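Worksheet: the structure to be examined is printed underneath.
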Amino acid sequence: MLARATQLKDEFVAYRRDFHQHPELGFEEVRTSGIVAEYLESLGIEVTRMANTAVVGLLRGAKPGRTVALRADMDALSIPQQNDVPYKSVNPGKMHACGHDGHTAILMGVAKLLSEVKDELAGNVKFFFQPAEEGPGGALPMIKAGAMENPHVDGVIGMHVGVNLPTGQIGLKAGPSHAGTDSITITLEGKGGHGAHPHSSVDTIVAAGHLIVALQTIVSREIDPLGSAVVTVGTINGGYRNNVIAHQVVLTGTVRTLDPEVRASMPERIERIIKGVCDTFRCKYNFVYDKGYPSVMNDPVMADLAEATAQRLLGAENVVRTANPSMGGEDFSYFAEKAPGIFLRLGAGNPAKDCVYPGHHPYFNFDEDAIPIGMAVMAEAALDFLKQ
Ligand code: NI
């Protein structure tokens, strides 16, 4: 597969550059999904459109067997591109700054590789081209639309490019690899007044200051130091003028956790502190805890399978078991809740090509030499899964 993928490299680099030049935000991937669907149909793959802009391809093998799903995300980010490449974004304010253009091209390449061997295939391969990974999330709507059934998916494999690993390497981790990503909105209500007469007001700015500091004690004093959590207050809005006491302050933040039990405990911990601070400083509050993506839990058997595949293709020295999960999020987690899953990191860092900036950076780019590697690893991992 690696030799064949290398032969096909230029075709899928061209697709990647085309997607890079025409980035589309979540649930707006009309052009991208149209190209994907047309391509899959040209390979004789059954195509279903669902969840607005999602595309699911189904390649039925000649012999019966299990079904594996391979997933790529298609959406771009609302970031104005700042690096100069010949295939720079033509859509103002939008950029493929997370490599999803590459994921889409790679999975199209995998569809090509596997459709060439479908006569030997025992089982089925589903190709999940999902919208809106960057938010509000395309995986859950796809599951609700039936992506994991008919035929039922027995295992799922996802992949993300990363410049923190050099091209030629694959990273993976059993267990949690990405955090659950929840968001909070806290509104403090006090009593406005003249800045010179605090005694006749209830100052929400002072309360907010105490609250922000007190919230940090959840991580530093309540959660097991060997567990993991983040509470970040990202925005604070309130006040009108230097000499006016603000009657309202609104804070928003993100809560990241790895362990589902720690995650489940967070709303109570946060609200208890809000309530305590508000009691102390005479405020009222409104608290909204929005659950986002759950943490990605990689199946140990799927991790071993993908590791063996990657070692065979790339050499054991190029397959890295990463020790630490990322506190970033990934809605691949929803697929991995429904079937054993593994989320792979595809090394695509290359300082010589300026592929050093992290995802979501306006100078982000990844090494396209990783495209055939990603194609081959995903295709062979799917074959290995179906042979089990
Ligand atoms: Ni991404």
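In the structure tokens, chains take letters A, B, ... by order of appearance, with residues numbered from 1 within each chain and ligands from 1 in the order shown.
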
Subject >> Shell of 10 Å around Gly209 (chain A), only C-alpha atoms, local chain residues under 5 positions omitted, as JSON, numbers by chain >> reply: {"A": [204, 214, 236, 277]}

**OP:** Check the DSSP output for the backbone and give back, as an MDAnalysis selection string, the residues of region 166-304 of chain A in strand (DSSP E or B).
**Re:** chainID A and resid 166 170:172 175:178 180:189 191 193:194 202 229:238 244:245 248:257 284:290 296:298

Subject >> Cut-off 9 Å, only C-alpha atoms and all ligand atoms, neighbours of ligand 1 as a list in words >> reply: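 With only C-alpha atoms and all ligand atoms and a cut-off of 9 Å, ligand 1 is contacted by Asp73, Asp75, Ala76, Ala97, Cys98, Gly99, His100, Glu133, Glu134, His160, Val161, Gly329, Glu330, Gly359 and His360 of chain A.
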
Original post:
What residues in region 178-321 of chain A get the DSSP label helix (DSSP H, G or I)? Please answer as number ranges by chain.
Top reply: A: 198-200, 204-222, 260-281, 300-314, 316-318

Original post:
Within 7 Å of Tyr289 (chain A), counting only C-alpha atoms, which residues qualify if same-chain residues fewer than 5 places away don't, as JSON, numbers by chain?
Top reply: {"A": [183, 184, 185, 267]}

Let's have the selection written as a tab-separated table (two decimals), in the first residue's frame, with all heavy atoms.
```
chain	number	residue	atom	x	y	z
A	183	SER	N	-18.22	23.95	28.19
A	183	SER	CA	-18.10	25.40	28.34
A	183	SER	C	-19.04	25.91	29.41
A	183	SER	O	-20.08	25.30	29.70
A	183	SER	CB	-18.34	26.11	27.00
A	183	SER	OG	-19.51	25.65	26.42
A	184	ILE	N	-18.64	27.03	30.02
A	184	ILE	CA	-19.43	27.61	31.11
A	184	ILE	C	-19.73	29.07	30.81
A	184	ILE	O	-18.93	29.76	30.18
A	184	ILE	CB	-18.70	27.50	32.47
A	184	ILE	CG1	-17.26	28.06	32.39
A	184	ILE	CG2	-18.68	26.07	32.97
A	184	ILE	CD1	-16.56	28.15	33.74
A	185	THR	N	-20.90	29.50	31.24
A	185	THR	CA	-21.27	30.91	31.20
A	185	THR	C	-21.81	31.28	32.58
A	185	THR	O	-22.73	30.63	33.08
A	185	THR	CB	-22.34	31.18	30.14
A	185	THR	OG1	-21.86	30.72	28.87
A	185	THR	CG2	-22.66	32.69	30.04
A	267	PRO	N	-19.62	20.36	37.22
A	267	PRO	CA	-20.69	21.37	37.40
A	267	PRO	C	-20.95	21.67	38.88
A	267	PRO	O	-21.09	22.84	39.26
A	267	PRO	CB	-21.91	20.71	36.74
A	267	PRO	CG	-21.33	19.76	35.74
A	267	PRO	CD	-20.06	19.26	36.35
```

Original post:
So, counting only C-alpha atoms, which residue among A:Thr32, A:Thr322, A:Asn91, A:Asn243 is closest to Lys173 (chain A)?
Top reply: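 Comparing A:Thr32, A:Thr322, A:Asn91, A:Asn243 against Lys173 (chain A), the winner is A:Thr322.
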
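Checking A:Gln81, A:Gln169, A:Asn150, A:Gln130 one by one against Gln311 (chain A), counting only C-alpha atoms, you find the shortest gap at A:Gln169.
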
Original post:
Neighbours of Ala111 (chain A) within 8 Å (only C-alpha atoms; same-chain residues fewer than 5 positions away dropped), as a list in words?
Top reply: Leu40, Leu43 and Phe127 of chain A

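Considering only C-alpha atoms, the residue among A:Ile245, A:Asn52, A:Phe385, A:Glu261 positioned nearest to Ala196 (chain A) is A:Ile245.
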
**OP:** Find, counting only C-alpha atoms, the residue in A:Arg345, A:His210, A:Arg60, A:Arg66 that gets nearest to Ser177 (chain A).
**Re:** A:Arg345

Subject >> Polymer residues at most 12 Å from Glu28 (chain A), only C-alpha atoms, same-chain spacing of 6 or more positions, as a ChimeraX atom specification >> reply: /A:22,34,51-54,74-77,94,130-133,135-136,138

Can you write just those residues out, N, CA and C atoms, as a PDB file, in the first residue's frame?
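Generated output (out17.pdb):
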```
ATOM      1  N   HIS A  22      -9.821  26.566  -0.977  1.00  0.00           N
ATOM      2  CA  HIS A  22     -11.258  26.842  -0.858  1.00  0.00           C
ATOM      3  C   HIS A  22     -11.797  26.352   0.484  1.00  0.00           C
ATOM      4  N   GLY A  34     -19.162  18.008  -2.001  1.00  0.00           N
ATOM      5  CA  GLY A  34     -19.569  17.685  -3.372  1.00  0.00           C
ATOM      6  C   GLY A  34     -18.445  16.995  -4.134  1.00  0.00           C
ATOM      7  N   ALA A  51     -26.618  14.657   7.659  1.00  0.00           N
ATOM      8  CA  ALA A  51     -26.174  15.711   8.591  1.00  0.00           C
ATOM      9  C   ALA A  51     -25.671  16.931   7.821  1.00  0.00           C
ATOM     10  N   ASN A  52     -26.499  17.463   6.975  1.00  0.00           N
ATOM     11  CA  ASN A  52     -26.172  18.618   6.120  1.00  0.00           C
ATOM     12  C   ASN A  52     -25.096  18.283   5.102  1.00  0.00           C
ATOM     13  N   THR A  53     -23.821  18.363   5.529  1.00  0.00           N
ATOM     14  CA  THR A  53     -22.732  18.261   4.558  1.00  0.00           C
ATOM     15  C   THR A  53     -21.865  17.015   4.748  1.00  0.00           C
ATOM     16  N   ALA A  54     -22.328  16.058   5.558  1.00  0.00           N
ATOM     17  CA  ALA A  54     -21.536  14.835   5.739  1.00  0.00           C
ATOM     18  C   ALA A  54     -21.678  13.924   4.522  1.00  0.00           C
ATOM     19  N   MET A  74     -13.665  17.683   7.527  1.00  0.00           N
ATOM     20  CA  MET A  74     -13.534  18.486   6.305  1.00  0.00           C
ATOM     21  C   MET A  74     -13.519  19.992   6.553  1.00  0.00           C
ATOM     22  N   ASP A  75     -13.816  20.439   7.769  1.00  0.00           N
ATOM     23  CA  ASP A  75     -14.059  21.871   7.980  1.00  0.00           C
ATOM     24  C   ASP A  75     -12.785  22.673   8.232  1.00  0.00           C
ATOM     25  N   ALA A  76     -12.878  23.954   7.908  1.00  0.00           N
ATOM     26  CA  ALA A  76     -11.779  24.899   8.115  1.00  0.00           C
ATOM     27  C   ALA A  76     -12.113  25.802   9.301  1.00  0.00           C
ATOM     28  N   LEU A  77     -11.252  26.781   9.547  1.00  0.00           N
ATOM     29  CA  LEU A  77     -11.396  27.678  10.702  1.00  0.00           C
ATOM     30  C   LEU A  77     -11.570  29.131  10.241  1.00  0.00           C
ATOM     31  N   LYS A  94     -11.037  32.802   6.184  1.00  0.00           N
ATOM     32  CA  LYS A  94     -11.169  31.358   6.422  1.00  0.00           C
ATOM     33  C   LYS A  94      -9.871  30.664   6.005  1.00  0.00           C
ATOM     34  N   GLN A 130     -16.684  13.937   7.713  1.00  0.00           N
ATOM     35  CA  GLN A 130     -17.573  14.626   8.649  1.00  0.00           C
ATOM     36  C   GLN A 130     -17.405  16.147   8.615  1.00  0.00           C
ATOM     37  N   PRO A 131     -18.496  16.846   8.793  1.00  0.00           N
ATOM     38  CA  PRO A 131     -18.442  18.306   8.886  1.00  0.00           C
ATOM     39  C   PRO A 131     -18.130  18.764  10.304  1.00  0.00           C
ATOM     40  N   ALA A 132     -17.765  20.038  10.424  1.00  0.00           N
ATOM     41  CA  ALA A 132     -17.887  20.809  11.667  1.00  0.00           C
ATOM     42  C   ALA A 132     -17.166  20.218  12.880  1.00  0.00           C
ATOM     43  N   GLU A 133     -15.979  19.622  12.681  1.00  0.00           N
ATOM     44  CA  GLU A 133     -15.259  19.106  13.859  1.00  0.00           C
ATOM     45  C   GLU A 133     -14.892  20.255  14.794  1.00  0.00           C
ATOM     46  N   GLY A 135     -16.510  22.660  15.589  1.00  0.00           N
ATOM     47  CA  GLY A 135     -17.701  23.122  16.268  1.00  0.00           C
ATOM     48  C   GLY A 135     -18.750  23.535  15.246  1.00  0.00           C
ATOM     49  N   PRO A 136     -19.984  23.263  15.555  1.00  0.00           N
ATOM     50  CA  PRO A 136     -20.530  22.689  16.782  1.00  0.00           C
ATOM     51  C   PRO A 136     -20.426  21.169  16.859  1.00  0.00           C
ATOM     52  N   GLY A 138     -19.811  17.577  14.069  1.00  0.00           N
ATOM     53  CA  GLY A 138     -20.521  16.848  13.014  1.00  0.00           C
ATOM     54  C   GLY A 138     -20.668  15.366  13.299  1.00  0.00           C
TER      55      GLY A 138
END
```

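Using only C-alpha atoms, the contacts of Pro294 (chain A) at a cut-off of 7 Å, with sequence neighbours closer than 2 positions omitted, comprise Ala179, Gly180, Thr181, Gly292, Val296 and Ser333 of chain A.
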
**OP:** Provide the CA of Tyr293 (chain A) to CA of Gly276 (chain A) distance in Å, to one decimal place.
**Re:**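 So the two atoms, CA of Tyr293 (chain A) and CA of Gly276 (chain A), lie 28.6 Å apart.
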
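Pairwise distance (CA of Ile45 (chain A), CA of Asp331 (chain A)) equals 25.1 Å.
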
**OP:** Find the spatial neighbours of Ile79 (chain A), counting only C-alpha atoms, within a cut-off of 7 Å - ignore same-chain residues fewer than 5 positions away - and output them as number ranges by chain.
**Re:** A: 93-95, 362

Could those residues be written to a file, using C-alpha atoms, as a PDB file, in the first residue's frame?
```pdb
ATOM      1  CA  GLY A  93     -11.090  35.123   6.891  1.00  0.00           C
ATOM      2  CA  LYS A  94     -11.169  31.358   6.422  1.00  0.00           C
ATOM      3  CA  MET A  95      -8.267  28.956   6.515  1.00  0.00           C
ATOM      4  CA  PRO A 362      -2.312  31.603  10.909  1.00  0.00           C
TER       5      PRO A 362
END
```

Subject >> Pick from A:Asp154, A:Asp10, A:Asp224, A:Asp304, whichever lies nearest to Gly123 (chain A) using only C-alpha atoms >> reply: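 Among A:Asp154, A:Asp10, A:Asp224, A:Asp304, it is A:Asp154 that comes nearest to Gly123 (chain A).
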